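Novice: Take this structure, written in structure tokens, and hold onto it; I'll ask about it next.
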Amino acid sequence: MSESADLAPIRASVRALCANFPGEYWRRLDRERAYPEEFVAALTEAGFLAALIPEEYGGSGLSMTAAAAIMEEIQASGCNGAGCHAQMYTMGTLLRHGSAEQKARYLPAIARGDLRLQAFGVTEPTSGTDTLSLRTTATREGDSYVVNGQKIWTSRAEHSDLMLLLARTTPREPAKSRTAGLSVFLLDMREVKGKGLTIRPIRTMMNHATTEIFFENVQVPADNLIGAEGEGFRYILSGMNAERILIAAECIGDAKWFIDKATAYARERVIFGRPIGQNQGVQFPIARAYVGMRAAELMVREAAALYESGRECGAEANMAKHLAAEASWAAADMCVQTHGGFGFAEEFDIERKFRETRLYTVAPISTNLILSYIAEHVLGLPRSY
Ligand SMILES: Cc1cc2nc3c(=O)[nH]c(=O)nc-3n(C[C@H](O)[C@H](O)[C@H](O)COP(=O)(O)OP(=O)(O)OC[C@H]3O[C@@H](n4cnc5c(N)ncnc54)[C@H](O)[C@@H]3O)c2cc1C
């Protein structure tokens with residue numbers, strides 16, 4: 001599956017923008033655990049974060065394939081899109097299920113960069129991957145819903161105005177089906193910070209601006225309910241396919257970065273009187289990483305093409321995410337090995353990218369859960385959980 005040549009200029013302009021944010025920039029942020037404010041502002045100004053917003057709302061109305069190419073190029077340039085990727089993947093829920101009024105109210109401001117939609121509040125401490133067991137409730141009271149509960153790993157919440165929030169609006173028992181009773185809200189955090197909404201940062205092994213969030217009688221206007229009450233799980237699932245495809249594209253970018261670094265180093269590093277890359281013991285792991293990356297890239301392209309054609313893509317989005325996350329992690333490990341001791345030195349950026357890409361076999365969905373999905377939904381095996 002080859003990519004259309006139309007994307008070459010987009011790829012080139014992302015590369016050009018990223019060249020202004022070299023390794024020293026990311027190293028400093030990593031040391032300080034600081035948010036990439038300038039990088040996110042530059043991407044916003046260039047319109048890349050509004051790639052999926054239709055032109056009528058001020059975005060560029062690009063396809064999922066183009067959005068994936070943008071995220072891939074960011075990672076392949078050595079930058080880190082984790083500070084802002086949610087604006088792309090949360091967009092599908094608002095576009096596909098938001099009302100005309102909601103889209104008119106929020107999308108132009110997001111496209112201009114006046115509003116950030118960077119937070120996605122799904123995971124909770126007690127339910128983890130078992131989303132249907134989440135406990136945060138939203139109870140209708142007059143013109144509002146009142147939210148109580150807790151989220152964890154809500155990344156970028158301190159740097160976002162809006163959060164796409166999944167909460168239970170009908171208790172699990174009386175709900176019609178297993179998946180009914182959850183609803184999605186577009187929460188304007190600016191209005192409720194300090195009024196029941198508390199955000200606490202969580203320090204992690206990489207610079208990720210993730211947080212835990214506490215809701216105590218937080219009021220959300222009923223107008224901010226997306227789609228129909230109780231149907232939120234279905235909406236979120238289609239958004240999760242977008243998330244998996246875009247993060248898979250980021251992993252492809254990471255894998256390309258590691259492979260480029262390793263190849264260049266293997267050519268220039270001379271030990272025992274010859275380049276280390278002349279040894280099959282060094283070149284085979286690089287070649288193997290390349291083969292794995294290319295195979296994963298094909299699946300990412302297929303998943304993106306299915307998504308943008310509006311067809312069912314759950315299996316492909318999951319397989320793309322799985323293959324790409326494995327490919328980037330294998331490439332990261334290979335890159336450290338190829339560099340020997342220098343793979344551990346901060347100034348080579350390899351150890352930083354190694355820590356950053358490790359996340360993606362766990363989040364946004366872990367490998368085991370992807371394999372369970374394939375076993376059940378593609379292979380027809382009994383549900384294991
Ligand atoms: C840095 C970071 C950023 C994140 N950002 C966000 C965010 O912005 N928004 C958000 O909502 N979430 C976010 N997450 C949460 C992320 O999606 C979850 O961590 C992930 O889905 C795994 O859930 P869990 O951590 O609760 O693990 P658990 O569900 O507790 O699972 C733990 C382990 O057990 C395995 N396991 C569990 N059940 C089964 C089973 N039935 N069969 C086989 N294996 C099983 C899992 O595969 C996993 O390896 C983030 C996480 C991290 C670490």
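Identifiers in this document derive from the order of the structure tokens: chains are assigned A, B, ..., residues are numbered from 1 separately in each chain, and ligands are numbered from 1 in order of occurrence.
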Given a cut-off of 8 Å, what residues near ligand 1 show up using only C-alpha atoms and all ligand atoms, put as a VMD selection string?

Specialist: chain A and resid 86 119 to 130 151 to 156 204 206 208 to 210 359 362 to 369 372 384 to 385

Novice: Leaving out Ala327 of chain A and any residue of its chain fewer than 6 positions from it, which residues lie within 8 Å of it when counting only C-alpha atoms, given as a list of chain:residue names?

Specialist: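 Contacts, with the query itself left out: A:Cys251, A:Ile252, A:Ala255, A:Ala289, A:Gly292, A:Met293, A:Ala296.
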
Novice: Can you write just those residues out, N, CA and C atoms, as an mmCIF file, in the first residue's frame?

Specialist:
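Produced file part-v7.cif, reproduced below:
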```cif
data_model
loop_
_atom_site.group_PDB
_atom_site.id
_atom_site.type_symbol
_atom_site.label_atom_id
_atom_site.label_comp_id
_atom_site.auth_asym_id
_atom_site.auth_seq_id
_atom_site.Cartn_x
_atom_site.Cartn_y
_atom_site.Cartn_z
ATOM 1 N N CYS A 251 4.427 5.702 16.538
ATOM 2 C CA CYS A 251 5.402 4.619 16.770
ATOM 3 C C CYS A 251 6.205 4.353 15.499
ATOM 4 N N ILE A 252 5.572 4.437 14.337
ATOM 5 C CA ILE A 252 6.304 4.246 13.076
ATOM 6 C C ILE A 252 7.375 5.346 12.965
ATOM 7 N N ALA A 255 10.181 4.506 15.294
ATOM 8 C CA ALA A 255 10.995 3.398 14.759
ATOM 9 C C ALA A 255 11.917 3.925 13.660
ATOM 10 N N ALA A 289 14.773 -4.629 12.468
ATOM 11 C CA ALA A 289 13.920 -3.530 12.953
ATOM 12 C C ALA A 289 13.245 -2.831 11.771
ATOM 13 N N GLY A 292 10.375 -4.995 10.443
ATOM 14 C CA GLY A 292 9.234 -4.914 11.363
ATOM 15 C C GLY A 292 8.501 -3.594 11.229
ATOM 16 N N MET A 293 9.274 -2.519 11.089
ATOM 17 C CA MET A 293 8.664 -1.189 10.950
ATOM 18 C C MET A 293 7.843 -1.108 9.657
ATOM 19 N N ALA A 296 4.565 -3.005 9.902
ATOM 20 C CA ALA A 296 3.619 -2.273 10.753
ATOM 21 C C ALA A 296 3.062 -1.051 10.013
#
```

Novice: Among segment 38-131 of chain A, which residues does DSSP mark as strand (DSSP E or B) when it is run on the backbone? Keep the chain and numbering as in the structure and answer as a list in words.

Specialist: Leu117, Gln118, Ala119, Phe120 and Gly121 of chain A

Novice: Would you mind exporting all heavy atoms of the selected residues as a CSV table (one decimal), in the first residue's frame?

Specialist:
```csv
chain,number,residue,atom,x,y,z
A,117,LEU,N,-8.2,21.4,23.2
A,117,LEU,CA,-8.9,20.1,23.6
A,117,LEU,C,-7.8,19.0,23.6
A,117,LEU,O,-7.6,18.4,22.6
A,117,LEU,CB,-10.0,19.8,22.5
A,117,LEU,CG,-10.7,18.4,22.6
A,117,LEU,CD1,-11.2,18.1,24.0
A,117,LEU,CD2,-11.8,18.3,21.6
A,118,GLN,N,-7.2,18.9,24.7
A,118,GLN,CA,-6.0,18.0,24.8
A,118,GLN,C,-6.2,16.9,25.9
A,118,GLN,O,-5.3,16.1,26.1
A,118,GLN,CB,-4.8,18.8,25.2
A,118,GLN,CG,-4.3,19.7,24.1
A,118,GLN,CD,-3.6,18.9,22.9
A,118,GLN,OE1,-3.7,17.7,22.9
A,118,GLN,NE2,-3.1,19.6,21.9
A,119,ALA,N,-7.3,16.9,26.6
A,119,ALA,CA,-7.5,16.0,27.7
A,119,ALA,C,-8.6,15.0,27.4
A,119,ALA,O,-9.7,15.4,27.0
A,119,ALA,CB,-7.7,16.7,29.0
A,120,PHE,N,-8.3,13.7,27.7
A,120,PHE,CA,-9.3,12.6,27.4
A,120,PHE,C,-9.4,11.8,28.7
A,120,PHE,O,-8.5,11.1,29.1
A,120,PHE,CB,-8.6,11.8,26.3
A,120,PHE,CG,-9.5,10.8,25.7
A,120,PHE,CD1,-10.8,11.0,25.5
A,120,PHE,CD2,-8.9,9.6,25.2
A,120,PHE,CE1,-11.6,10.0,24.8
A,120,PHE,CE2,-9.7,8.6,24.5
A,120,PHE,CZ,-11.0,8.9,24.4
A,121,GLY,N,-10.5,12.0,29.4
A,121,GLY,CA,-10.7,11.4,30.7
A,121,GLY,C,-11.5,10.1,30.7
A,121,GLY,O,-12.7,10.2,30.8
```

Novice: Leaving out segment 8-25 of chain A and any residue of its chain fewer than 3 positions from it, which residues lie within 8 Å of it when counting only C-alpha atoms, given as a PyMOL selection string?

Specialist: chain A and resi 5+28-29+39+42-43+66+69-70+73-74+77-79+347+349

Novice: Keeping only C-alpha atoms, write those residues as a compact mmCIF listing (two decimals), in the first residue's frame.

Specialist:
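In the end it all went to again.txt:
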```
# COMPACT_ATOMS: atom_id res chain seq x y z
CA ALA A 5 2.41 11.80 -3.31
CA ARG A 28 15.80 20.51 28.74
CA LEU A 29 12.07 19.85 28.95
CA PHE A 39 6.40 23.43 20.14
CA ALA A 42 4.19 26.38 16.59
CA LEU A 43 2.19 23.32 15.51
CA ALA A 66 -2.69 12.96 6.47
CA ALA A 69 1.61 11.40 8.42
CA ILE A 70 1.88 14.58 10.54
CA GLU A 73 6.94 13.04 10.95
CA ILE A 74 6.96 14.71 14.37
CA SER A 77 12.20 14.20 13.54
CA GLY A 78 13.11 13.36 17.13
CA CYS A 79 10.31 15.50 18.60
CA GLU A 347 23.13 13.97 24.66
CA ASP A 349 18.64 11.51 22.79
```

Novice: For Met64 of chain A, list every protein, DNA or RNA residue within 8 Å, evaluated using only C-alpha atoms, and leave out those in the same chain fewer than 2 positions away; present the list as a list in words.

Specialist: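 Surrounding residues, per the criterion: Leu52, Leu62, Ala66, Ala67, Ala68, Ala242, Ala304, Ala305, Tyr307 and Glu308 of chain A.
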
Novice: Among segment 189-333 of chain A, which ones does DSSP place in helix (DSSP H, G or I), written as a ChimeraX atom specification?

Specialist: /A:189-192,222-224,232-268,276-278,280-308,314-333

Novice: At a cut-off of 12 Å, using only C-alpha atoms, what residues contact Gly340 of chain A? Leave out same-chain residues fewer than 6 positions from it and give the result as JSON, numbers by chain.

Specialist: {"A": [262, 265, 266, 269, 271, 276, 282, 333, 334, 348, 350, 351]}

Novice: Those residues you just picked out, can you put them in a file as a PDB file, in the first residue's frame with N, CA, C and O atoms?

Specialist:
```
ATOM      1  N   ALA A 262      20.661   4.482  14.251  1.00  0.00           N
ATOM      2  CA  ALA A 262      21.503   3.283  14.359  1.00  0.00           C
ATOM      3  C   ALA A 262      22.289   3.071  13.069  1.00  0.00           C
ATOM      4  O   ALA A 262      23.487   2.742  13.105  1.00  0.00           O
ATOM      5  N   TYR A 265      25.141   5.593  12.815  1.00  0.00           N
ATOM      6  CA  TYR A 265      26.214   5.299  13.771  1.00  0.00           C
ATOM      7  C   TYR A 265      26.991   4.053  13.343  1.00  0.00           C
ATOM      8  O   TYR A 265      28.226   4.011  13.433  1.00  0.00           O
ATOM      9  N   ALA A 266      26.264   3.035  12.875  1.00  0.00           N
ATOM     10  CA  ALA A 266      26.925   1.776  12.473  1.00  0.00           C
ATOM     11  C   ALA A 266      27.856   2.000  11.279  1.00  0.00           C
ATOM     12  O   ALA A 266      28.832   1.281  11.108  1.00  0.00           O
ATOM     13  N   ARG A 269      31.024   4.458  13.116  1.00  0.00           N
ATOM     14  CA  ARG A 269      31.785   4.012  14.287  1.00  0.00           C
ATOM     15  C   ARG A 269      32.748   2.883  13.872  1.00  0.00           C
ATOM     16  O   ARG A 269      32.300   1.814  13.438  1.00  0.00           O
ATOM     17  N   ILE A 271      35.573   0.231  14.869  1.00  0.00           N
ATOM     18  CA  ILE A 271      36.146  -0.549  15.973  1.00  0.00           C
ATOM     19  C   ILE A 271      36.793  -1.787  15.336  1.00  0.00           C
ATOM     20  O   ILE A 271      36.219  -2.360  14.400  1.00  0.00           O
ATOM     21  N   ILE A 276      31.444  -0.701  12.586  1.00  0.00           N
ATOM     22  CA  ILE A 276      30.715  -1.772  13.303  1.00  0.00           C
ATOM     23  C   ILE A 276      29.594  -2.327  12.436  1.00  0.00           C
ATOM     24  O   ILE A 276      29.231  -3.498  12.537  1.00  0.00           O
ATOM     25  N   VAL A 282      25.761  -6.707  13.930  1.00  0.00           N
ATOM     26  CA  VAL A 282      25.262  -5.351  14.141  1.00  0.00           C
ATOM     27  C   VAL A 282      24.219  -5.009  13.062  1.00  0.00           C
ATOM     28  O   VAL A 282      23.173  -4.429  13.351  1.00  0.00           O
ATOM     29  N   ASP A 333      15.311  -0.661  21.375  1.00  0.00           N
ATOM     30  CA  ASP A 333      16.254  -1.564  22.038  1.00  0.00           C
ATOM     31  C   ASP A 333      17.466  -1.804  21.129  1.00  0.00           C
ATOM     32  O   ASP A 333      18.616  -1.747  21.580  1.00  0.00           O
ATOM     33  N   MET A 334      17.204  -2.016  19.855  1.00  0.00           N
ATOM     34  CA  MET A 334      18.280  -2.220  18.876  1.00  0.00           C
ATOM     35  C   MET A 334      19.191  -0.993  18.816  1.00  0.00           C
ATOM     36  O   MET A 334      20.416  -1.096  18.734  1.00  0.00           O
ATOM     37  N   PHE A 348      22.751  11.977  23.303  1.00  0.00           N
ATOM     38  CA  PHE A 348      22.410  11.274  22.052  1.00  0.00           C
ATOM     39  C   PHE A 348      20.889  11.183  21.843  1.00  0.00           C
ATOM     40  O   PHE A 348      20.432  10.725  20.802  1.00  0.00           O
ATOM     41  N   ILE A 350      18.878   9.090  22.592  1.00  0.00           N
ATOM     42  CA  ILE A 350      18.341   7.734  22.408  1.00  0.00           C
ATOM     43  C   ILE A 350      17.652   7.242  23.679  1.00  0.00           C
ATOM     44  O   ILE A 350      16.551   6.694  23.636  1.00  0.00           O
ATOM     45  N   GLU A 351      18.308   7.488  24.813  1.00  0.00           N
ATOM     46  CA  GLU A 351      17.691   7.008  26.061  1.00  0.00           C
ATOM     47  C   GLU A 351      16.362   7.722  26.327  1.00  0.00           C
ATOM     48  O   GLU A 351      15.429   7.126  26.844  1.00  0.00           O
TER      49      GLU A 351
END
```

Novice: So which one's closest to Arg140 of chain A, A:Gln219, A:Ser160, A:Ser238, A:Thr65? Using only C-alpha atoms, please.

Specialist: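 When distances to Arg140 of chain A are compared using only C-alpha atoms, the smallest one comes from A:Gln219.
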
Novice: Might you pull out every residue within 10 Å of Thr263 of chain A, with only C-alpha atoms counted and same-chain residues fewer than 6 positions away left off, and present them as a list in words?

Specialist: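 Skipping anything fewer than 6 positions along the chain leaves Trp257, Gly277, Val282, Gln283, Ile286, Ala287, Cys335 and Thr338 of chain A.
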
Novice: Which one is closest to Lys193 of chain A: A:Ile213, A:Cys84, A:Cys313, A:Leu306? Count only C-alpha atoms.

Specialist: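 Result for the nearest residue to Lys193 of chain A: A:Ile213.
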